$ cat final21.cif   # mmCIF, C-alpha atoms and all ligand atoms
data_run
#
loop_
_atom_site.group_PDB
_atom_site.id
_atom_site.type_symbol
_atom_site.label_atom_id
_atom_site.label_comp_id
_atom_site.auth_asym_id
_atom_site.auth_seq_id
_atom_site.Cartn_x
_atom_site.Cartn_y
_atom_site.Cartn_z
ATOM 1 C CA LEU K 1 -9.468 -42.003 126.227
ATOM 2 C CA THR K 2 -8.595 -44.424 123.451
ATOM 3 C CA HIS K 3 -7.331 -46.793 126.081
ATOM 4 C CA GLY K 4 -10.607 -46.296 127.951
ATOM 5 C CA GLY K 5 -12.353 -47.936 125.007
ATOM 6 C CA LEU K 6 -13.772 -44.784 123.421
ATOM 7 C CA ASP K 7 -13.821 -43.766 119.788
ATOM 8 C CA VAL K 8 -11.614 -40.678 119.764
ATOM 9 C CA THR K 9 -11.306 -37.883 117.216
ATOM 10 C CA VAL K 10 -8.174 -35.768 117.564
ATOM 11 C CA CYS K 11 -8.448 -32.173 116.351
ATOM 12 C CA ASP K 12 -5.149 -30.320 115.925
ATOM 13 C CA PRO K 13 -3.951 -28.075 113.054
ATOM 14 C CA LEU K 14 -0.494 -29.706 113.006
ATOM 15 C CA PRO K 15 -0.063 -31.377 109.584
ATOM 16 C CA ASP K 16 1.732 -34.385 111.086
ATOM 17 C CA VAL K 17 -0.549 -34.790 114.093
ATOM 18 C CA ALA K 18 -1.550 -38.370 113.205
ATOM 19 C CA GLU K 19 2.095 -39.523 113.110
ATOM 20 C CA ARG K 20 2.840 -37.718 116.379
ATOM 21 C CA VAL K 21 -0.144 -39.166 118.208
ATOM 22 C CA ARG K 22 0.418 -42.693 116.932
ATOM 23 C CA ALA K 23 4.111 -42.487 117.862
ATOM 24 C CA GLY K 24 3.117 -41.343 121.348
ATOM 25 C CA LEU K 25 0.686 -44.218 121.720
ATOM 26 C CA ARG K 26 3.318 -46.726 120.536
ATOM 27 C CA GLU K 27 5.677 -45.275 123.137
ATOM 28 C CA ILE K 28 3.303 -45.784 126.076
ATOM 29 C CA ALA K 29 1.929 -49.181 124.973
ATOM 30 C CA PRO K 30 4.798 -51.251 126.508
ATOM 31 C CA THR K 31 4.345 -49.571 129.898
ATOM 32 C CA LEU K 32 0.628 -50.290 129.864
ATOM 33 C CA ALA K 33 1.274 -53.872 128.724
ATOM 34 C CA GLN K 34 3.748 -54.342 131.594
ATOM 35 C CA LEU K 35 0.965 -53.323 133.945
ATOM 36 C CA GLY K 36 -1.194 -56.069 132.461
ATOM 37 C CA LEU K 37 -3.470 -53.671 130.590
ATOM 38 C CA CYS K 38 -4.807 -54.366 127.127
ATOM 39 C CA VAL K 39 -3.137 -52.213 124.485
ATOM 40 C CA ASP K 40 -4.968 -53.435 121.380
ATOM 41 C CA GLU K 41 -6.779 -50.098 121.036
ATOM 42 C CA LEU K 42 -3.439 -48.303 120.850
ATOM 43 C CA THR K 43 -2.026 -50.089 117.816
ATOM 44 C CA ASP K 44 -1.800 -48.447 114.422
ATOM 45 C CA SER K 45 -4.554 -50.598 112.983
ATOM 46 C CA ALA K 46 -7.084 -49.347 115.513
ATOM 47 C CA ASP K 47 -9.893 -47.504 113.801
ATOM 48 C CA ALA K 48 -11.154 -46.114 117.103
ATOM 49 C CA LEU K 49 -8.805 -43.174 116.538
ATOM 50 C CA ARG K 50 -9.656 -40.546 113.909
ATOM 51 C CA PHE K 51 -8.079 -37.227 112.972
ATOM 52 C CA ASP K 52 -10.033 -34.179 111.885
ATOM 53 C CA PRO K 53 -8.480 -30.695 111.656
ATOM 54 C CA ASP K 54 -11.918 -29.073 111.439
ATOM 55 C CA ALA K 55 -13.154 -28.235 114.956
ATOM 56 C CA ALA K 56 -16.781 -27.977 113.836
ATOM 57 C CA SER K 57 -16.964 -31.606 112.701
ATOM 58 C CA ALA K 58 -14.385 -32.996 115.146
ATOM 59 C CA VAL K 59 -16.516 -32.148 118.167
ATOM 60 C CA ALA K 60 -19.531 -34.226 117.145
ATOM 61 C CA GLY K 61 -18.994 -36.685 120.013
ATOM 62 C CA THR K 62 -20.518 -36.853 123.489
ATOM 63 C CA VAL K 63 -17.403 -35.565 125.279
ATOM 64 C CA VAL K 64 -15.014 -32.806 124.226
ATOM 65 C CA GLN K 65 -11.721 -32.686 126.148
ATOM 66 C CA GLU K 66 -9.893 -29.535 125.068
ATOM 67 C CA ASN K 67 -6.076 -29.392 125.273
ATOM 68 C CA GLY K 68 -5.377 -26.277 123.221
ATOM 69 C CA PRO K 69 -2.742 -23.584 123.752
ATOM 70 C CA GLU K 70 -2.736 -21.439 126.859
ATOM 71 C CA PRO K 71 -3.366 -17.784 125.951
ATOM 72 C CA PRO K 72 -6.830 -16.847 127.309
ATOM 73 C CA GLU K 73 -8.009 -15.381 123.988
ATOM 74 C CA VAL K 74 -7.090 -18.635 122.176
ATOM 75 C CA LYS K 75 -9.013 -20.662 124.757
ATOM 76 C CA GLN K 76 -11.980 -18.315 124.393
ATOM 77 C CA GLN K 77 -12.030 -18.610 120.573
ATOM 78 C CA LEU K 78 -11.624 -22.352 120.827
ATOM 79 C CA TRP K 79 -14.490 -22.734 123.269
ATOM 80 C CA SER K 80 -16.773 -20.533 121.245
ATOM 81 C CA ALA K 81 -16.104 -22.726 118.169
ATOM 82 C CA ILE K 82 -16.458 -25.966 120.134
ATOM 83 C CA GLU K 83 -19.774 -24.885 121.634
ATOM 84 C CA ALA K 84 -21.114 -24.019 118.178
ATOM 85 C CA GLY K 85 -20.186 -27.428 116.754
ATOM 86 C CA ALA K 86 -20.799 -29.803 119.672
ATOM 87 C CA PRO K 87 -24.093 -31.568 120.422
ATOM 88 C CA ALA K 88 -26.271 -29.729 122.951
ATOM 89 C CA ASN K 89 -25.814 -32.458 125.572
ATOM 90 C CA ALA K 90 -22.064 -33.030 125.109
ATOM 91 C CA LEU K 91 -19.794 -32.767 128.142
ATOM 92 C CA LEU K 92 -17.432 -29.828 127.566
ATOM 93 C CA ALA K 93 -14.208 -30.052 129.593
ATOM 94 C CA SER K 94 -10.863 -28.273 129.409
ATOM 95 C CA SER K 95 -7.562 -29.830 130.505
ATOM 96 C CA SER K 96 -6.179 -26.406 131.358
ATOM 97 C CA SER K 97 -3.729 -26.449 134.241
ATOM 98 C CA SER K 98 -2.928 -22.791 133.899
ATOM 99 C CA GLY K 99 -4.074 -19.803 135.878
ATOM 100 C CA ILE K 100 -6.856 -19.202 133.327
ATOM 101 C CA PRO K 101 -10.061 -19.743 135.282
ATOM 102 C CA THR K 102 -13.020 -21.519 133.713
ATOM 103 C CA SER K 103 -14.975 -18.279 134.055
ATOM 104 C CA VAL K 104 -12.446 -16.516 131.761
ATOM 105 C CA MET K 105 -12.196 -19.346 129.218
ATOM 106 C CA SER K 106 -15.979 -19.500 128.894
ATOM 107 C CA GLN K 107 -16.499 -15.753 128.383
ATOM 108 C CA ALA K 108 -17.249 -16.012 124.645
ATOM 109 C CA MET K 109 -19.620 -18.969 125.037
ATOM 110 C CA ARG K 110 -23.370 -18.583 124.669
ATOM 111 C CA GLN K 111 -23.863 -20.927 127.639
ATOM 112 C CA PRO K 112 -20.758 -20.546 129.849
ATOM 113 C CA GLY K 113 -22.351 -22.793 132.454
ATOM 114 C CA ARG K 114 -21.599 -25.770 130.180
ATOM 115 C CA LEU K 115 -17.830 -25.531 130.703
ATOM 116 C CA VAL K 116 -15.847 -27.237 133.451
ATOM 117 C CA ILE K 117 -12.150 -27.945 133.890
ATOM 118 C CA GLY K 118 -11.116 -31.589 133.988
ATOM 119 C CA HIS K 119 -7.427 -31.304 134.823
ATOM 120 C CA LEU K 120 -5.589 -34.547 134.203
ATOM 121 C CA PHE K 121 -2.151 -35.179 135.552
ATOM 122 C CA ASN K 122 0.862 -36.244 133.515
ATOM 123 C CA PRO K 123 1.218 -39.003 132.483
ATOM 124 C CA PRO K 124 -2.585 -39.168 132.212
ATOM 125 C CA TYR K 125 -2.665 -42.845 131.188
ATOM 126 C CA LEU K 126 -1.072 -43.767 134.549
ATOM 127 C CA VAL K 127 -2.033 -41.089 137.094
ATOM 128 C CA PRO K 128 -5.610 -41.441 138.366
ATOM 129 C CA LEU K 129 -6.333 -37.900 139.609
ATOM 130 C CA VAL K 130 -8.556 -35.537 137.622
ATOM 131 C CA GLU K 131 -9.221 -32.179 139.277
ATOM 132 C CA VAL K 132 -12.746 -31.114 138.314
ATOM 133 C CA VAL K 133 -12.934 -27.328 138.668
ATOM 134 C CA PRO K 134 -16.197 -25.487 138.025
ATOM 135 C CA SER K 135 -16.558 -21.721 137.673
ATOM 136 C CA PRO K 136 -19.161 -20.054 139.913
ATOM 137 C CA GLY K 137 -21.502 -20.268 136.896
ATOM 138 C CA THR K 138 -20.879 -23.903 135.946
ATOM 139 C CA ASP K 139 -24.090 -25.916 135.993
ATOM 140 C CA PRO K 140 -23.906 -28.474 138.875
ATOM 141 C CA GLU K 141 -25.188 -31.132 136.467
ATOM 142 C CA VAL K 142 -22.106 -30.529 134.314
ATOM 143 C CA VAL K 143 -19.899 -31.182 137.339
ATOM 144 C CA GLU K 144 -21.793 -34.401 138.069
ATOM 145 C CA ALA K 145 -21.504 -35.496 134.446
ATOM 146 C CA ALA K 146 -17.756 -34.807 134.464
ATOM 147 C CA VAL K 147 -17.253 -36.835 137.640
ATOM 148 C CA ALA K 148 -19.290 -39.737 136.222
ATOM 149 C CA PHE K 149 -17.357 -39.653 132.944
ATOM 150 C CA TYR K 150 -13.888 -39.650 134.529
ATOM 151 C CA ARG K 151 -14.923 -42.428 136.944
ATOM 152 C CA ALA K 152 -16.124 -44.486 133.995
ATOM 153 C CA MET K 153 -12.655 -43.970 132.483
ATOM 154 C CA GLY K 154 -11.090 -45.485 135.636
ATOM 155 C CA LYS K 155 -9.932 -42.115 136.907
ATOM 156 C CA GLN K 156 -10.183 -40.605 140.377
ATOM 157 C CA PRO K 157 -11.982 -37.272 139.976
ATOM 158 C CA GLN K 158 -11.776 -34.696 142.746
ATOM 159 C CA VAL K 159 -14.122 -31.714 142.622
ATOM 160 C CA LEU K 160 -12.715 -28.414 143.887
ATOM 161 C CA SER K 161 -15.273 -26.154 145.515
ATOM 162 C CA ARG K 162 -13.957 -23.072 143.722
ATOM 163 C CA GLU K 163 -11.511 -21.759 141.133
ATOM 164 C CA ILE K 164 -7.982 -21.221 142.400
ATOM 165 C CA PRO K 165 -4.781 -20.773 140.323
ATOM 166 C CA GLY K 166 -2.822 -24.016 140.051
ATOM 167 C CA PHE K 167 -5.663 -26.041 141.592
ATOM 168 C CA VAL K 168 -4.571 -28.316 144.463
ATOM 169 C CA ALA K 169 -1.956 -30.853 143.329
ATOM 170 C CA ASN K 170 0.200 -28.334 141.448
ATOM 171 C CA ARG K 171 -0.007 -25.879 144.353
ATOM 172 C CA LEU K 172 1.272 -28.605 146.694
ATOM 173 C CA GLN K 173 4.080 -29.434 144.266
ATOM 174 C CA ALA K 174 4.973 -25.742 144.029
ATOM 175 C CA ALA K 175 5.084 -25.353 147.819
ATOM 176 C CA LEU K 176 7.432 -28.316 148.197
ATOM 177 C CA PHE K 177 9.545 -27.164 145.281
ATOM 178 C CA ARG K 178 9.941 -23.721 146.868
ATOM 179 C CA GLU K 179 11.453 -25.333 149.964
ATOM 180 C CA ALA K 180 13.553 -27.691 147.788
ATOM 181 C CA VAL K 181 15.087 -24.714 145.989
ATOM 182 C CA HIS K 182 15.648 -22.980 149.328
ATOM 183 C CA LEU K 183 17.500 -25.995 150.783
ATOM 184 C CA VAL K 184 19.708 -26.375 147.710
ATOM 185 C CA ALA K 185 20.384 -22.626 147.587
ATOM 186 C CA GLN K 186 21.438 -22.771 151.248
ATOM 187 C CA GLY K 187 23.907 -25.557 150.397
ATOM 188 C CA VAL K 188 22.222 -28.045 152.726
ATOM 189 C CA VAL K 189 21.983 -30.670 149.967
ATOM 190 C CA THR K 190 22.563 -30.854 146.213
ATOM 191 C CA GLU K 191 19.669 -31.172 143.751
ATOM 192 C CA GLN K 192 20.443 -34.883 143.309
ATOM 193 C CA GLU K 193 20.618 -35.445 147.072
ATOM 194 C CA LEU K 194 17.330 -33.648 147.624
ATOM 195 C CA ASP K 195 15.652 -35.762 144.918
ATOM 196 C CA ALA K 196 16.968 -38.901 146.609
ATOM 197 C CA VAL K 197 15.627 -37.729 149.977
ATOM 198 C CA VAL K 198 12.150 -37.261 148.496
ATOM 199 C CA THR K 199 11.988 -40.498 146.481
ATOM 200 C CA SER K 200 13.271 -42.586 149.398
ATOM 201 C CA SER K 201 10.952 -41.086 152.049
ATOM 202 C CA ILE K 202 8.004 -38.746 151.699
ATOM 203 C CA GLY K 203 7.426 -39.706 148.050
ATOM 204 C CA MET K 204 6.781 -43.279 149.211
ATOM 205 C CA ARG K 205 4.795 -42.207 152.255
ATOM 206 C CA TRP K 206 2.477 -39.859 150.408
ATOM 207 C CA ALA K 207 1.699 -42.555 147.851
ATOM 208 C CA VAL K 208 -0.256 -44.362 150.569
ATOM 209 C CA ALA K 209 -1.204 -41.675 153.107
ATOM 210 C CA GLY K 210 -1.749 -37.988 152.439
ATOM 211 C CA PRO K 211 -0.245 -35.210 154.574
ATOM 212 C CA PHE K 212 -3.261 -34.997 156.908
ATOM 213 C CA GLN K 213 -3.504 -38.727 157.490
ATOM 214 C CA THR K 214 0.238 -38.835 158.145
ATOM 215 C CA PHE K 215 -0.039 -35.837 160.442
ATOM 216 C CA HIS K 216 -2.856 -37.454 162.406
ATOM 217 C CA HIS K 217 -0.928 -40.708 162.897
ATOM 218 C CA ALA K 218 2.217 -38.848 163.936
ATOM 219 C CA GLU K 219 0.399 -36.354 166.193
ATOM 220 C CA ASP K 220 2.149 -37.354 169.420
ATOM 221 C CA ARG K 221 5.568 -37.341 167.841
ATOM 222 C CA TYR K 222 5.047 -33.895 166.374
ATOM 223 C CA GLN K 223 3.981 -32.535 169.754
ATOM 224 C CA SER K 224 7.100 -33.962 171.379
ATOM 225 C CA VAL K 225 9.329 -32.043 168.968
ATOM 226 C CA GLU K 226 7.416 -28.825 169.176
ATOM 227 C CA SER K 227 10.178 -27.137 171.144
ATOM 228 C CA SER K 228 12.430 -27.533 168.138
ATOM 229 C CA ALA K 229 12.481 -24.827 165.480
ATOM 230 C CA LEU K 230 11.278 -27.328 162.867
ATOM 231 C CA HIS K 231 7.835 -25.953 162.147
ATOM 232 C CA ASP K 232 8.742 -22.300 162.510
ATOM 233 C CA SER K 233 11.587 -22.784 160.038
ATOM 234 C CA ALA K 234 9.395 -23.590 157.032
ATOM 235 C CA PRO K 235 9.246 -20.396 154.932
ATOM 236 C CA SER K 236 5.477 -20.455 154.541
ATOM 237 C CA GLY K 237 4.606 -22.919 157.303
ATOM 238 C CA PRO K 238 2.370 -22.280 160.282
ATOM 239 C CA THR K 239 3.768 -20.896 163.526
ATOM 240 C CA ARG K 240 4.042 -23.290 166.445
ATOM 241 C CA GLY K 241 0.845 -21.841 167.977
ATOM 242 C CA GLU K 242 -1.123 -22.301 164.741
ATOM 243 C CA TRP K 243 0.331 -25.780 164.346
ATOM 244 C CA ARG K 244 -0.837 -26.720 167.845
ATOM 245 C CA SER K 245 -4.407 -25.498 167.333
ATOM 246 C CA ARG K 246 -4.620 -27.085 163.863
ATOM 247 C CA ASN K 247 -3.308 -30.295 165.336
ATOM 248 C CA ARG K 248 -6.139 -30.260 167.874
ATOM 249 C CA PHE K 249 -8.676 -29.458 165.148
ATOM 250 C CA PHE K 250 -7.602 -32.254 162.837
ATOM 251 C CA GLY K 251 -7.302 -34.701 165.714
ATOM 252 C CA LEU K 252 -10.950 -34.024 166.563
ATOM 253 C CA ALA K 253 -11.962 -34.162 162.907
ATOM 254 C CA HIS K 254 -10.314 -37.553 162.432
ATOM 255 C CA ALA K 255 -11.908 -38.827 165.640
ATOM 256 C CA GLY K 256 -15.295 -37.875 164.186
ATOM 257 C CA SER K 257 -15.938 -35.208 166.851
ATOM 258 C CA LEU K 258 -16.315 -32.350 164.379
HETATM 259 N N1 LIG S 301 1.751 -30.298 129.451
HETATM 260 C C1 LIG S 301 1.251 -30.770 130.589
HETATM 261 O O1 LIG S 301 1.907 -31.452 131.385
HETATM 262 C C2 LIG S 301 -0.203 -30.500 130.936
HETATM 263 C C3 LIG S 301 -0.786 -31.175 132.006
HETATM 264 C C4 LIG S 301 -2.120 -30.945 132.306
HETATM 265 C C5 LIG S 301 -2.836 -30.037 131.546
HETATM 266 N N2 LIG S 301 -2.248 -29.364 130.520
HETATM 267 C C6 LIG S 301 -3.049 -28.399 129.769
HETATM 268 O O2 LIG S 301 -3.270 -28.915 128.468
HETATM 269 C C7 LIG S 301 -3.321 -27.836 127.532
HETATM 270 C C8 LIG S 301 -2.278 -28.056 126.451
HETATM 271 O O3 LIG S 301 -1.004 -28.092 127.042
HETATM 272 P P1 LIG S 301 0.279 -28.562 126.217
HETATM 273 O O4 LIG S 301 1.425 -28.527 127.142
HETATM 274 O O5 LIG S 301 -0.023 -29.847 125.509
HETATM 275 O O6 LIG S 301 0.369 -27.369 125.172
HETATM 276 P P2 LIG S 301 1.058 -27.331 123.741
HETATM 277 O O7 LIG S 301 1.172 -25.888 123.367
HETATM 278 O O8 LIG S 301 2.261 -28.220 123.725
HETATM 279 O O9 LIG S 301 -0.011 -28.038 122.794
HETATM 280 C C9 LIG S 301 -1.167 -27.389 122.341
HETATM 281 C C10 LIG S 301 -1.663 -28.119 121.097
HETATM 282 O O10 LIG S 301 -2.824 -27.435 120.635
HETATM 283 C C11 LIG S 301 -2.752 -27.404 119.210
HETATM 284 N N3 LIG S 301 -3.617 -26.326 118.726
HETATM 285 C C12 LIG S 301 -3.304 -25.049 118.464
HETATM 286 N N4 LIG S 301 -4.391 -24.378 118.027
HETATM 287 C C13 LIG S 301 -5.418 -25.265 117.993
HETATM 288 C C14 LIG S 301 -6.773 -25.195 117.607
HETATM 289 N N5 LIG S 301 -7.313 -24.059 117.198
HETATM 290 N N6 LIG S 301 -7.536 -26.310 117.704
HETATM 291 C C15 LIG S 301 -7.011 -27.465 118.164
HETATM 292 N N7 LIG S 301 -5.720 -27.601 118.543
HETATM 293 C C16 LIG S 301 -4.936 -26.507 118.461
HETATM 294 C C17 LIG S 301 -1.290 -27.190 118.906
HETATM 295 O O11 LIG S 301 -0.954 -27.559 117.574
HETATM 296 C C18 LIG S 301 -0.642 -28.120 119.943
HETATM 297 O O12 LIG S 301 -0.496 -29.439 119.457
HETATM 298 C C19 LIG S 301 -3.081 -26.555 128.317
HETATM 299 O O13 LIG S 301 -4.309 -25.946 128.641
HETATM 300 C C20 LIG S 301 -2.385 -27.054 129.573
HETATM 301 O O14 LIG S 301 -2.621 -26.210 130.698
HETATM 302 C C21 LIG S 301 -0.945 -29.584 130.185
#
$ encode --input "final21.cif" --output "structure tokens"
Amino acid sequence: LTHGGLDVTVCDPLPDVAERVRAGLREIAPTLAQLGLCVDELTDSADALRFDPDAASAVAGTVVQENGPEPPEVKQQLWSAIEAGAPANALLASSSSSGIPTSVMSQAMRQPGRLVIGHLFNPPYLVPLVEVVPSPGTDPEVVEAAVAFYRAMGKQPQVLSREIPGFVANRLQAALFREAVHLVAQGVVTEQELDAVVTSSIGMRWAVAGPFQTFHHAEDRYQSVESSALHDSAPSGPTRGEWRSRNRFFGLAHAGSL
């Protein structure tokens, strides 16, 4: 957020939080500079960064991005305090990536509809995705405000239609990791070999085309190998029959027929 040009107040009870944050910013500055980005705001002299251990006064700004500890009761206390101290029109967003739904975190709030999850991805200064996850009670205007804010920060927000543990990106990572562990446990490859397979193939591919786009382009090839046990062998993958009907569905969807 500092790099996005905002005045930022960090609220954390750690006594050495200022040193830790400034050290972290110094650490990432060379990477950002290498990418041609301005890092002036990240230097020690920048007065755009303030530290305030008191939540009531720290949350006086127009956006509160909460990154507190995970236990649900801590999140609930934190959100109750933030709501009491923040301006009535402030955007209230939690970075939580855990299985704690927005609807649980907001339980102690007077207006739970103000809270939305804005889940950034590590490292957040480089990765564009922000998963915006409302609870069933989140005010749609809050979702719109969150999307507008993250876009203004140069991010790529993606709204999820409903709460689901792990959201989307982490669920995909978990699914792949499950198969990675399975392959290593079976002795097919070592951990290092599996990492090399991913970084030299699908890691590169998925950086430019997601699984569905790739699937659509490779439709014919996949059909030609359908007699193999490939798709039935994935532990949680679709059966060949499901694969075939999904293939037809997504083919039509991509062709604009659905
Ligand atoms: N670590 C990640 O990669 C990652 C990625 C995306 C989202 N998140 C989410 O961000 C949140 C924080 O994760 P983390 O890994 O940094 O946790 P962490 O436990 O390392 O850090 C939590 C911080 O909150 C501070 N804190 C404790 N009580 C506080 C209070 N009352 N007010 C203000 N600050 C308080 C702690 O001193 C600590 O610095 C979690 O909700 C997590 O799901 C983490």
$ axis_aligned_box --input "final21.cif" --around "ligand LIG 301 (chain S)" --padding-each-side "4 Å" --output "JSON"
{"center_x": -2.6, "center_y": -27.8, "center_z": 124.8, "size_x": 17.8, "size_y": 15.4, "size_z": 23.1}
$ resolve_selection --input "final21.cif" --expression "the PyMOL selection byres (((not hetatm)) within 6 of (chain S and resi 301))" --output "count of residues only"
17
$ atom_distance --input "final21.cif" --atom1 "atom CA of Pro128 of chain K" --atom2 "atom CA of Ala88 of chain K"
28.3 Å
$ resolve_selection --input "final21.cif" --expression "the PyMOL selection byres (((chain K and resi 108) around 7) and not hetatm)" --output "short mmCIF file (atom, residue, chain, number, x, y, z; two decimals) with C-alpha atoms, keeping the file's coordinate frame"
data_model
loop_
_atom_site.label_atom_id
_atom_site.label_comp_id
_atom_site.auth_asym_id
_atom_site.auth_seq_id
_atom_site.Cartn_x
_atom_site.Cartn_y
_atom_site.Cartn_z
CA GLN K 76 -11.98 -18.32 124.39
CA SER K 80 -16.77 -20.53 121.24
CA SER K 106 -15.98 -19.50 128.89
CA GLN K 107 -16.50 -15.75 128.38
CA MET K 109 -19.62 -18.97 125.04
CA ARG K 110 -23.37 -18.58 124.67
#
$ atom_distance --input "final21.cif" --atom1 "atom CA of Ala185 of chain K" --atom2 "atom CA of Ala207 of chain K"
27.3 Å
$ closest_residue --input "final21.cif" --among "K:Glu27, K:Thr138, K:Val198, K:Glu163" --to "Phe177 of chain K" --atoms "only C-alpha atoms"
K:Val198
$ closest_residue --input "final21.cif" --among "K:Ser57, K:Ser135, K:Gln65, K:Gln111" --to "Ala86 of chain K" --atoms "only C-alpha atoms"
K:Ser57
$ resolve_selection --input "final21.cif" --expression "the PyMOL selection byres (((chain K and resi 51) around 12) and not hetatm)" --output "list of chain:residue names"
K:Asp7, K:Val8, K:Thr9, K:Val10, K:Cys11, K:Asp12, K:Pro13, K:Leu14, K:Pro15, K:Asp16, K:Val17, K:Ala18, K:Glu19, K:Arg20, K:Val21, K:Arg22, K:Asp47, K:Ala48, K:Leu49, K:Arg50, K:Asp52, K:Pro53, K:Asp54, K:Ala55, K:Ser57, K:Ala58, K:Val59
$ closest_residue --input "final21.cif" --among "K:Val188, K:Val104, K:Leu172, K:Leu160" --to "Gly210 of chain K" --atoms "only C-alpha atoms"
K:Leu172
$ atom_distance --input "final21.cif" --atom1 "atom CA of Ile164 of chain K" --atom2 "atom CA of Arg178 of chain K"
18.6 Å
$ closest_residue --input "final21.cif" --among "K:Pro211, K:Pro72, K:Pro112, K:Pro123" --to "Pro136 of chain K" --atoms "all atoms listed in the file"
K:Pro112
$ closest_residue --input "final21.cif" --among "K:Ile117, K:Val130, K:Val74, K:Val63" --to "Ser103 of chain K" --atoms "all atoms listed in the file"
K:Ile117
$ residues_around --input "final21.cif" --residues "Val159 of chain K" --least-positions-apart "4" --cutoff "12 Å" --atoms "only C-alpha atoms" --output "list in words"
Val116, Ile117, Gly118, His119, Leu129, Val130, Glu131, Val132, Val133, Pro134, Ser135, Pro140, Val142, Val143, Glu144, Ala145, Ala146, Val147, Ala148, Tyr150, Glu163, Phe167 and Val168 of chain K
$ residues_around --input "final21.cif" --residues "segment 30-44 of chain K" --least-positions-apart "5" --cutoff "7 Å" --atoms "all atoms listed in the file" --output "list in words"
Thr2, His3, Arg22 and Leu25 of chain K
